[in-house]
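Visitor: Sharing query-v4.txt below, compact mmCIF, C-alpha atoms:
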```
# COMPACT_ATOMS: atom_id res chain seq x y z
CA MET A 1 8.48 -21.28 34.60
CA SER A 2 5.45 -23.39 35.44
CA THR A 3 5.20 -26.84 33.89
CA HIS A 4 2.47 -29.29 33.07
CA GLN A 5 3.23 -32.96 33.68
CA SER A 6 0.65 -35.29 32.18
CA ASP A 7 0.33 -38.38 30.00
CA SER A 8 -2.03 -36.48 27.70
CA PRO A 9 -1.80 -32.99 26.20
CA LEU A 10 -3.14 -29.99 28.02
CA GLY A 11 -5.88 -28.71 25.74
CA PRO A 12 -8.00 -25.60 25.31
CA VAL A 13 -10.33 -24.24 27.95
CA ASP A 14 -13.55 -26.31 28.00
CA GLY A 15 -16.20 -24.25 26.21
CA THR A 16 -18.98 -26.02 28.09
CA LEU A 17 -17.58 -24.78 31.39
CA VAL A 18 -16.16 -21.35 30.45
CA PRO A 19 -18.03 -19.44 27.72
CA ARG A 20 -16.03 -18.89 24.56
CA PHE A 21 -16.17 -15.12 24.99
CA ALA A 22 -14.38 -15.45 28.35
CA GLY A 23 -11.19 -17.02 29.62
CA SER A 24 -7.77 -17.11 28.01
CA ALA A 25 -6.88 -14.77 25.12
CA THR A 26 -4.55 -17.32 23.52
CA PHE A 27 -5.22 -18.95 20.15
CA ALA A 28 -8.23 -21.26 20.58
CA ARG A 29 -7.74 -20.68 24.34
CA LEU A 30 -4.82 -23.11 24.26
CA PRO A 31 -2.25 -23.14 27.09
CA ARG A 32 0.66 -20.71 26.98
CA ILE A 33 4.07 -22.12 26.24
CA ASP A 34 5.19 -21.48 29.83
CA GLU A 35 2.37 -23.68 31.15
CA VAL A 36 3.72 -26.93 29.68
CA SER A 37 6.96 -28.85 29.88
CA THR A 38 7.05 -29.99 26.25
CA PHE A 39 5.06 -29.22 23.12
CA ASP A 40 4.55 -30.47 19.58
CA VAL A 41 3.15 -27.38 17.84
CA ALA A 42 3.45 -23.71 18.77
CA ILE A 43 1.35 -20.79 17.54
CA LEU A 44 3.64 -17.77 17.19
CA GLY A 45 2.53 -14.23 16.39
CA ALA A 46 4.67 -12.05 14.12
CA PRO A 47 3.06 -8.60 14.28
CA PHE A 48 5.06 -6.91 11.53
CA ASP A 49 3.74 -4.99 8.51
CA GLY A 50 6.70 -2.85 7.52
CA GLY A 51 6.97 -4.60 4.16
CA VAL A 52 3.53 -3.81 2.71
CA SER A 53 3.10 -2.06 -0.62
CA PHE A 54 -0.55 -0.98 -0.30
CA ARG A 55 -2.82 -1.16 2.76
CA PRO A 56 -1.07 -1.41 6.15
CA GLY A 57 -2.48 -2.87 9.36
CA ALA A 58 -1.42 -6.52 9.34
CA ARG A 59 0.62 -5.89 12.48
CA PHE A 60 -2.71 -6.22 14.27
CA GLY A 61 -3.39 -9.58 12.60
CA PRO A 62 -2.14 -11.92 15.34
CA SER A 63 -4.31 -10.41 18.06
CA SER A 64 -7.32 -10.30 15.74
CA ILE A 65 -6.89 -13.94 14.70
CA ARG A 66 -6.60 -14.99 18.33
CA GLN A 67 -9.77 -13.08 19.17
CA ALA A 68 -11.65 -14.71 16.28
CA SER A 69 -10.38 -18.15 17.33
CA ARG A 70 -12.79 -17.93 20.27
CA HIS A 71 -15.45 -18.93 17.73
CA LEU A 72 -13.86 -22.35 17.36
CA ARG A 73 -15.07 -25.53 19.04
CA PRO A 74 -11.65 -27.14 18.90
CA ALA A 75 -12.20 -30.46 20.64
CA TYR A 76 -13.00 -32.54 17.54
CA ASN A 77 -12.48 -31.84 13.85
CA PRO A 78 -15.01 -33.96 11.94
CA ALA A 79 -13.65 -32.98 8.51
CA GLN A 80 -10.25 -34.47 9.38
CA GLN A 81 -11.56 -36.99 11.92
CA VAL A 82 -9.13 -36.01 14.63
CA SER A 83 -9.19 -34.44 18.09
CA PRO A 84 -6.09 -32.38 17.43
CA TYR A 85 -5.36 -31.02 20.87
CA ALA A 86 -5.87 -34.41 22.51
CA VAL A 87 -3.25 -35.88 20.16
CA ILE A 88 -0.56 -33.20 20.09
CA GLN A 89 0.47 -30.69 22.71
CA THR A 90 -0.22 -27.34 21.07
CA VAL A 91 0.65 -24.07 22.76
CA ASP A 92 0.49 -20.35 22.16
CA ALA A 93 4.05 -18.99 22.20
CA GLY A 94 3.00 -15.34 22.22
CA ASP A 95 4.41 -12.78 19.80
CA VAL A 96 7.86 -12.08 18.40
CA PRO A 97 8.80 -8.49 19.41
CA CYS A 98 9.22 -7.34 15.80
CA ASN A 99 11.04 -4.06 15.19
CA PRO A 100 8.46 -1.92 13.33
CA PHE A 101 11.09 0.31 11.67
CA ASP A 102 13.79 -2.11 10.51
CA ILE A 103 12.86 -4.97 8.17
CA ASP A 104 16.15 -6.83 8.51
CA HIS A 105 16.07 -6.61 12.30
CA ALA A 106 12.47 -7.85 12.35
CA LEU A 107 13.38 -10.76 10.08
CA GLN A 108 16.23 -11.72 12.41
CA GLN A 109 13.89 -11.56 15.40
CA ILE A 110 11.45 -13.85 13.60
CA ASP A 111 14.28 -16.19 12.61
CA ASP A 112 15.41 -16.32 16.24
CA GLY A 113 11.88 -16.94 17.54
CA VAL A 114 11.15 -19.75 15.09
CA SER A 115 14.61 -21.27 15.65
CA GLU A 116 13.96 -21.43 19.38
CA LEU A 117 10.71 -23.31 18.84
CA LEU A 118 12.32 -25.71 16.38
CA ALA A 119 15.16 -26.38 18.81
CA SER A 120 12.55 -27.41 21.37
CA GLY A 121 11.22 -30.01 18.95
CA GLY A 122 8.03 -28.21 18.03
CA ARG A 123 6.53 -27.19 14.71
CA PRO A 124 5.77 -23.46 14.38
CA VAL A 125 2.58 -21.98 12.95
CA MET A 126 3.10 -18.25 12.54
CA LEU A 127 0.32 -15.67 12.54
CA GLY A 128 1.18 -12.54 10.55
CA GLY A 129 1.82 -9.84 10.00
CA ASP A 130 2.50 -9.21 6.32
CA HIS A 131 4.08 -11.80 4.06
CA THR A 132 7.58 -10.47 4.69
CA ILE A 133 7.63 -12.57 7.86
CA ALA A 134 7.80 -15.77 5.83
CA LEU A 135 11.43 -15.11 4.93
CA GLY A 136 12.45 -15.16 8.59
CA GLY A 137 10.50 -18.37 9.10
CA LEU A 138 11.98 -20.03 6.02
CA ARG A 139 15.52 -19.17 7.08
CA ALA A 140 15.02 -20.89 10.43
CA VAL A 141 13.21 -23.91 9.00
CA ALA A 142 15.72 -24.50 6.18
CA ARG A 143 18.59 -24.28 8.66
CA ARG A 144 17.05 -27.16 10.59
CA HIS A 145 15.42 -29.26 7.85
CA GLY A 146 17.36 -28.28 4.74
CA PRO A 147 15.75 -26.75 1.63
CA VAL A 148 11.99 -27.10 1.68
CA ALA A 149 9.07 -27.39 -0.71
CA LEU A 150 6.97 -24.26 -0.45
CA ILE A 151 3.22 -24.66 -0.87
CA HIS A 152 2.07 -21.08 -1.25
CA PHE A 153 -1.60 -20.07 -1.29
CA ASP A 154 -1.86 -16.48 -2.52
CA ALA A 155 -3.35 -14.17 -5.12
CA HIS A 156 0.18 -12.94 -5.89
CA LEU A 157 3.48 -14.57 -6.83
CA ASP A 158 5.62 -12.68 -4.29
CA THR A 159 8.69 -13.32 -6.43
CA TRP A 160 9.25 -9.77 -7.66
CA ASN A 161 12.69 -8.24 -7.28
CA SER A 162 12.16 -5.01 -5.32
CA TYR A 163 9.83 -2.17 -4.43
CA PHE A 164 11.27 1.35 -4.33
CA GLY A 165 14.76 -0.06 -3.89
CA ALA A 166 13.78 -2.39 -1.03
CA ASP A 167 14.46 -6.03 -1.83
CA ARG A 168 12.92 -7.60 1.27
CA THR A 169 9.19 -6.83 1.23
CA HIS A 170 5.96 -8.78 1.22
CA GLY A 171 6.12 -9.09 -2.58
CA THR A 172 9.75 -10.19 -2.94
CA ILE A 173 10.38 -12.75 -0.22
CA PHE A 174 10.19 -15.91 -2.30
CA ARG A 175 12.71 -14.62 -4.84
CA ARG A 176 15.02 -13.99 -1.89
CA ALA A 177 14.25 -17.46 -0.52
CA HIS A 178 15.26 -18.98 -3.85
CA GLU A 179 18.45 -16.90 -3.99
CA GLU A 180 19.37 -17.91 -0.44
CA GLY A 181 18.95 -21.61 -1.21
CA LEU A 182 16.02 -22.07 1.18
CA LEU A 183 13.82 -23.82 -1.40
CA ALA A 184 14.45 -27.25 -2.89
CA GLY A 185 14.56 -27.31 -6.68
CA ASP A 186 11.37 -27.65 -8.73
CA VAL A 187 9.12 -28.84 -5.89
CA SER A 188 7.27 -25.64 -4.92
CA SER A 189 3.82 -24.44 -5.98
CA HIS A 190 1.79 -21.25 -5.96
CA VAL A 191 -1.97 -21.88 -5.66
CA GLY A 192 -4.72 -19.32 -6.26
CA ILE A 193 -2.71 -16.85 -8.36
CA ARG A 194 -4.74 -14.24 -10.25
CA GLY A 195 -4.88 -10.60 -11.21
CA PRO A 196 -2.70 -8.41 -13.42
CA LEU A 197 1.10 -8.44 -13.33
CA TYR A 198 3.78 -5.81 -13.87
CA ALA A 199 5.04 -7.63 -16.99
CA ALA A 200 4.85 -10.98 -18.78
CA GLN A 201 8.46 -11.53 -17.68
CA ASP A 202 7.18 -12.00 -14.13
CA LEU A 203 5.92 -15.45 -15.13
CA VAL A 204 9.21 -16.37 -16.81
CA ASP A 205 11.20 -15.31 -13.77
CA ASP A 206 8.90 -17.20 -11.42
CA ALA A 207 9.28 -20.45 -13.37
CA SER A 208 13.06 -20.07 -13.28
CA PHE A 209 12.90 -20.06 -9.47
CA GLY A 210 11.37 -23.55 -9.50
CA PHE A 211 7.69 -22.74 -9.01
CA GLU A 212 4.62 -24.15 -10.69
CA ILE A 213 1.60 -21.85 -10.83
CA VAL A 214 -1.92 -23.08 -10.16
CA SER A 215 -4.19 -20.15 -10.95
CA ALA A 216 -7.55 -19.46 -9.39
CA LEU A 217 -9.11 -20.24 -12.80
CA ASP A 218 -7.51 -23.69 -12.69
CA LEU A 219 -9.84 -24.64 -9.88
CA ASP A 220 -12.77 -24.29 -12.28
CA ARG A 221 -10.98 -26.08 -15.11
CA ARG A 222 -9.26 -28.90 -13.21
CA GLY A 223 -11.06 -29.30 -9.90
CA ILE A 224 -9.75 -29.63 -6.37
CA ASP A 225 -8.77 -33.32 -6.48
CA GLU A 226 -6.59 -32.96 -9.59
CA ILE A 227 -4.90 -29.84 -8.24
CA VAL A 228 -4.12 -31.40 -4.86
CA ASP A 229 -2.79 -34.53 -6.53
CA GLY A 230 -0.47 -32.43 -8.70
CA VAL A 231 0.79 -30.32 -5.79
CA ARG A 232 1.41 -33.39 -3.64
CA ARG A 233 3.31 -35.21 -6.39
CA ARG A 234 5.40 -32.11 -7.08
CA THR A 235 6.60 -31.85 -3.47
CA LYS A 236 8.00 -35.40 -3.71
CA ASP A 237 9.33 -36.28 -0.24
CA ALA A 238 10.66 -32.82 0.64
CA PRO A 239 9.76 -31.17 3.96
CA ILE A 240 6.94 -28.70 3.35
CA TYR A 241 6.65 -25.10 4.48
CA LEU A 242 3.01 -24.05 4.08
CA SER A 243 2.36 -20.35 3.57
CA ILE A 244 -1.18 -18.98 3.31
CA ASP A 245 -1.81 -15.36 2.37
CA ILE A 246 -5.43 -14.71 3.29
CA ASP A 247 -5.89 -12.76 0.04
CA VAL A 248 -5.96 -16.10 -1.79
CA LEU A 249 -9.62 -15.93 -0.79
CA ASP A 250 -11.93 -13.73 -2.82
CA PRO A 251 -12.59 -10.36 -1.12
CA ALA A 252 -16.15 -11.56 -0.53
CA PHE A 253 -14.71 -14.09 1.93
CA ALA A 254 -11.72 -12.07 3.18
CA PRO A 255 -12.18 -8.29 2.84
CA GLY A 256 -9.72 -7.48 5.63
CA THR A 257 -6.46 -7.72 3.77
CA GLY A 258 -3.89 -5.39 2.26
CA THR A 259 -4.01 -6.23 -1.46
CA PRO A 260 -7.38 -7.82 -2.36
CA GLU A 261 -7.91 -9.30 -5.83
CA MET A 262 -11.19 -10.22 -7.50
CA GLY A 263 -11.90 -13.80 -8.58
CA GLY A 264 -10.40 -15.65 -5.65
CA LEU A 265 -11.07 -18.94 -3.91
CA THR A 266 -14.09 -19.55 -1.74
CA SER A 267 -13.67 -20.49 1.89
CA ARG A 268 -14.91 -24.01 1.15
CA GLU A 269 -12.39 -24.47 -1.68
CA LEU A 270 -9.46 -23.31 0.42
CA LEU A 271 -10.41 -25.52 3.35
CA ALA A 272 -10.70 -28.54 1.04
CA LEU A 273 -7.28 -27.86 -0.47
CA VAL A 274 -5.58 -27.45 2.91
CA ARG A 275 -7.19 -30.56 4.38
CA ALA A 276 -5.89 -32.65 1.46
CA LEU A 277 -2.22 -31.71 1.93
CA PRO A 278 0.26 -34.41 3.06
CA PRO A 279 0.29 -34.27 6.89
CA ASP A 280 3.59 -36.09 7.39
CA GLN A 281 5.67 -33.57 5.44
CA ILE A 282 4.52 -30.25 6.92
CA VAL A 283 7.25 -28.90 9.20
CA ALA A 284 6.06 -25.29 9.55
CA ALA A 285 3.37 -22.90 8.37
CA ASP A 286 2.30 -19.29 8.35
CA LEU A 287 -0.96 -17.38 7.94
CA VAL A 288 -0.45 -13.81 6.82
CA GLU A 289 -1.91 -10.51 5.59
CA VAL A 290 -4.95 -10.25 7.86
CA SER A 291 -5.52 -6.49 8.22
CA PRO A 292 -8.41 -6.16 10.68
CA ALA A 293 -9.04 -2.44 10.06
CA TYR A 294 -10.49 -3.43 6.67
CA ASP A 295 -12.43 -6.41 8.02
CA HIS A 296 -16.14 -6.68 8.71
CA ALA A 297 -17.71 -8.82 11.44
CA GLU A 298 -14.40 -10.72 11.90
CA ILE A 299 -14.91 -12.48 8.53
CA THR A 300 -11.23 -12.42 7.58
CA SER A 301 -9.89 -13.09 11.05
CA LEU A 302 -12.26 -16.03 11.46
CA ALA A 303 -11.08 -17.45 8.14
CA ALA A 304 -7.48 -17.27 9.35
CA ALA A 305 -8.32 -18.74 12.75
CA THR A 306 -10.16 -21.64 11.12
CA LEU A 307 -7.22 -22.27 8.80
CA GLY A 308 -4.90 -22.29 11.81
CA TYR A 309 -7.11 -24.95 13.37
CA GLU A 310 -7.07 -27.00 10.16
CA ILE A 311 -3.27 -26.77 9.92
CA THR A 312 -2.81 -27.96 13.50
CA SER A 313 -5.31 -30.75 12.77
CA LEU A 314 -3.14 -31.81 9.83
CA MET A 315 -0.13 -31.87 12.14
CA ALA A 316 -2.09 -34.00 14.60
CA ARG A 317 -2.94 -36.48 11.83
CA ALA A 318 0.79 -36.80 11.14
CA SER A 319 1.17 -38.33 14.60
CA GLY A 320 -0.74 -41.36 13.33
CA SER A 321 -3.54 -40.98 15.86
CA GLY A 322 -7.17 -40.11 15.35
CA SER A 323 -9.81 -39.10 17.83
```
Just dump the structure as structure tokens.
Guide:
Amino acid sequence: MSTHQSDSPLGPVDGTLVPRFAGSATFARLPRIDEVSTFDVAILGAPFDGGVSFRPGARFGPSSIRQASRHLRPAYNPAQQVSPYAVIQTVDAGDVPCNPFDIDHALQQIDDGVSELLASGGRPVMLGGDHTIALGGLRAVARRHGPVALIHFDAHLDTWNSYFGADRTHGTIFRRAHEEGLLAGDVSSHVGIRGPLYAAQDLVDDASFGFEIVSALDLDRRGIDEIVDGVRRRTKDAPIYLSIDIDVLDPAFAPGTGTPEMGGLTSRELLALVRALPPDQIVAADLVEVSPAYDHAEITSLAAATLGYEITSLMARASGSGS
């Protein structure tokens, strides 16, 4: 394995020397994990969509997000006032070889992949894949950090019990996480929820699992600052697992997803919410449900790539350094 010995992180390919449409195919053209000796944050693909209930195709999400990340100019993030990849060593750890036919096997592979990164001292940012992958990530993270606060951006609760007799799917994973003791009590939040439900009991069940719901309509009623303040206070001092389903965005901003819902967040709203999260508490994250076959002009993949950049910028801010 090749190593990189340096006093400063090895960053992305310089876009002023190598055009953004050329060079490495990694996320934001960051170094591969085998090109460095140590790392702080690792981008990990989880190309699995065997848990979807409507449109498939999210298995192609990681490669599509990486391709769209070529659009980024990652050297300096003015919104967060940080040069993330000069502050933290961020790498692309490739993809977990997810079994496309066996959900439990795929979840174990994801658990193993995330566990390996955590054991190396890094924080994982997973690129999905459908939302089922979050259960594998949560298992690994809770084993290392204890029960976590889940900050969950999504149109859907994902706390249903089962689909067609299957209890580990993209719509059931956070009920399973609660049952497995992966979530700390009464510190987790759903943000962006909207659309019809199977029954009113869905809301009762969800509350019993320790979640607070912030609906998409609440953004109009309460505003971004009040919502972020409430979510931050609710997490208390628990380690945070951040999970972003791209369908939290309105289909106008993210058409390439498996279960779109009208009335979602705008790109600007979601970016503002993510940037305001507490940097010091985020121990892991995922970005899921990008289904590029339904996308147009890389709109959805670019949204996910930009969010990945903002999450790693948050993690850089947690180091206490700026630009």
Visitor: Using atom CA of A:Asp229 and atom CA of A:Val283 as the two end points, give the distance in Å to one decimal.
Guide: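 Interatomic distance, atom CA of A:Asp229 to atom CA of A:Val283: 19.5 Å.
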Visitor: Around (-10.8, -20.5, 29.3) in the file's frame, which residues reach within 7 Å when counting all atoms listed in the file? Return as a list in words?
Guide: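 Checked against the point, the hits come out as Val13, Asp14, Val18, Ala22, Gly23, Ser24 and Arg29 of chain A.
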Visitor: Please identify all polymer residues within 10 Å of A:Ile311, counting only C-alpha atoms, omitting same-chain residues fewer than 6 positions from it, and present them as number ranges by chain.
Guide: A: 84, 125, 242, 271, 274-275, 277, 279, 282, 284-287, 305, 317
Visitor: What lies within 10 Å of A:Gly94 using only C-alpha atoms, ignoring chain neighbours under 6 positions off, as a list of chain:residue names?
Guide: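 Result of the neighbour search: A:Thr26, A:Phe27, A:Arg32, A:Ile33, A:Ala42, A:Ile43, A:Leu44, A:Gly45, A:Ala46, A:Pro62, A:Ser63.
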Visitor: Could you write out that same residue set with C-alpha atoms as a JSON list (two decimals), in the frame of the given file?
Guide:
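Written file, part10.json:
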```json
[["chain", "number", "residue", "atom", "x", "y", "z"],
["A", 26, "THR", "CA", -4.55, -17.32, 23.52],
["A", 27, "PHE", "CA", -5.22, -18.95, 20.15],
["A", 32, "ARG", "CA", 0.66, -20.71, 26.98],
["A", 33, "ILE", "CA", 4.07, -22.12, 26.24],
["A", 42, "ALA", "CA", 3.45, -23.71, 18.77],
["A", 43, "ILE", "CA", 1.35, -20.79, 17.54],
["A", 44, "LEU", "CA", 3.64, -17.77, 17.19],
["A", 45, "GLY", "CA", 2.53, -14.23, 16.39],
["A", 46, "ALA", "CA", 4.67, -12.05, 14.12],
["A", 62, "PRO", "CA", -2.14, -11.92, 15.34],
["A", 63, "SER", "CA", -4.31, -10.41, 18.06]]
```
Visitor: In terms of the shortest atom-to-atom distance over only C-alpha atoms, which of A:Gly210, A:Gly51, A:Gly128, A:Gly195 is closest to A:Arg66?
Guide: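 Ranked by minimum distance to A:Arg66, first place goes to A:Gly128.
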Visitor: For stretch 96-108 of chain A, list every protein, DNA or RNA residue within 8 Å, evaluated using all atoms listed in the file, and leave out those in the same chain fewer than 2 positions away; present the list as number ranges by chain.
Guide: A: 44-51, 94, 110-113, 132-133, 135-136, 168
Visitor: Could you check which of A:Gln109, A:Thr235, A:Thr259, A:Ser120 is closest to A:His156, using only C-alpha atoms?
Guide: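 Distance minimum relative to A:His156 lands on A:Thr259.
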Visitor: Could you name the residues that touch stretch 159-165 of chain A at 9 Å or less, counting only C-alpha atoms, but leaving out those on the same chain fewer than 4 positions away, as a PyMOL selection string?
Guide: chain A and resi 53+169+171-176+202+205-206+209
Visitor: Residues within 10 Å of A:Phe39, please, as an MDAnalysis selection string. Count only C-alpha atoms; anything in the same chain fewer than 5 positions from it doesn't count.
Guide: chainID A and resid 9:10 33 88:91 117 120:123
Visitor: State, in Å with one decimal place, the distance from atom CA of A:Leu270 to atom CA of A:Ala149.
Guide: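 Distance reported for this atom pair: 19.0 Å.
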Visitor: Check the smallest atom-to-atom distance from each of A:Ala58, A:Ala142, A:Val52, A:Val187 to A:Ile246 using all atoms listed in the file, then report the winner.
Guide: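 With all atoms listed in the file as the atom set, the closest residue is A:Ala58.
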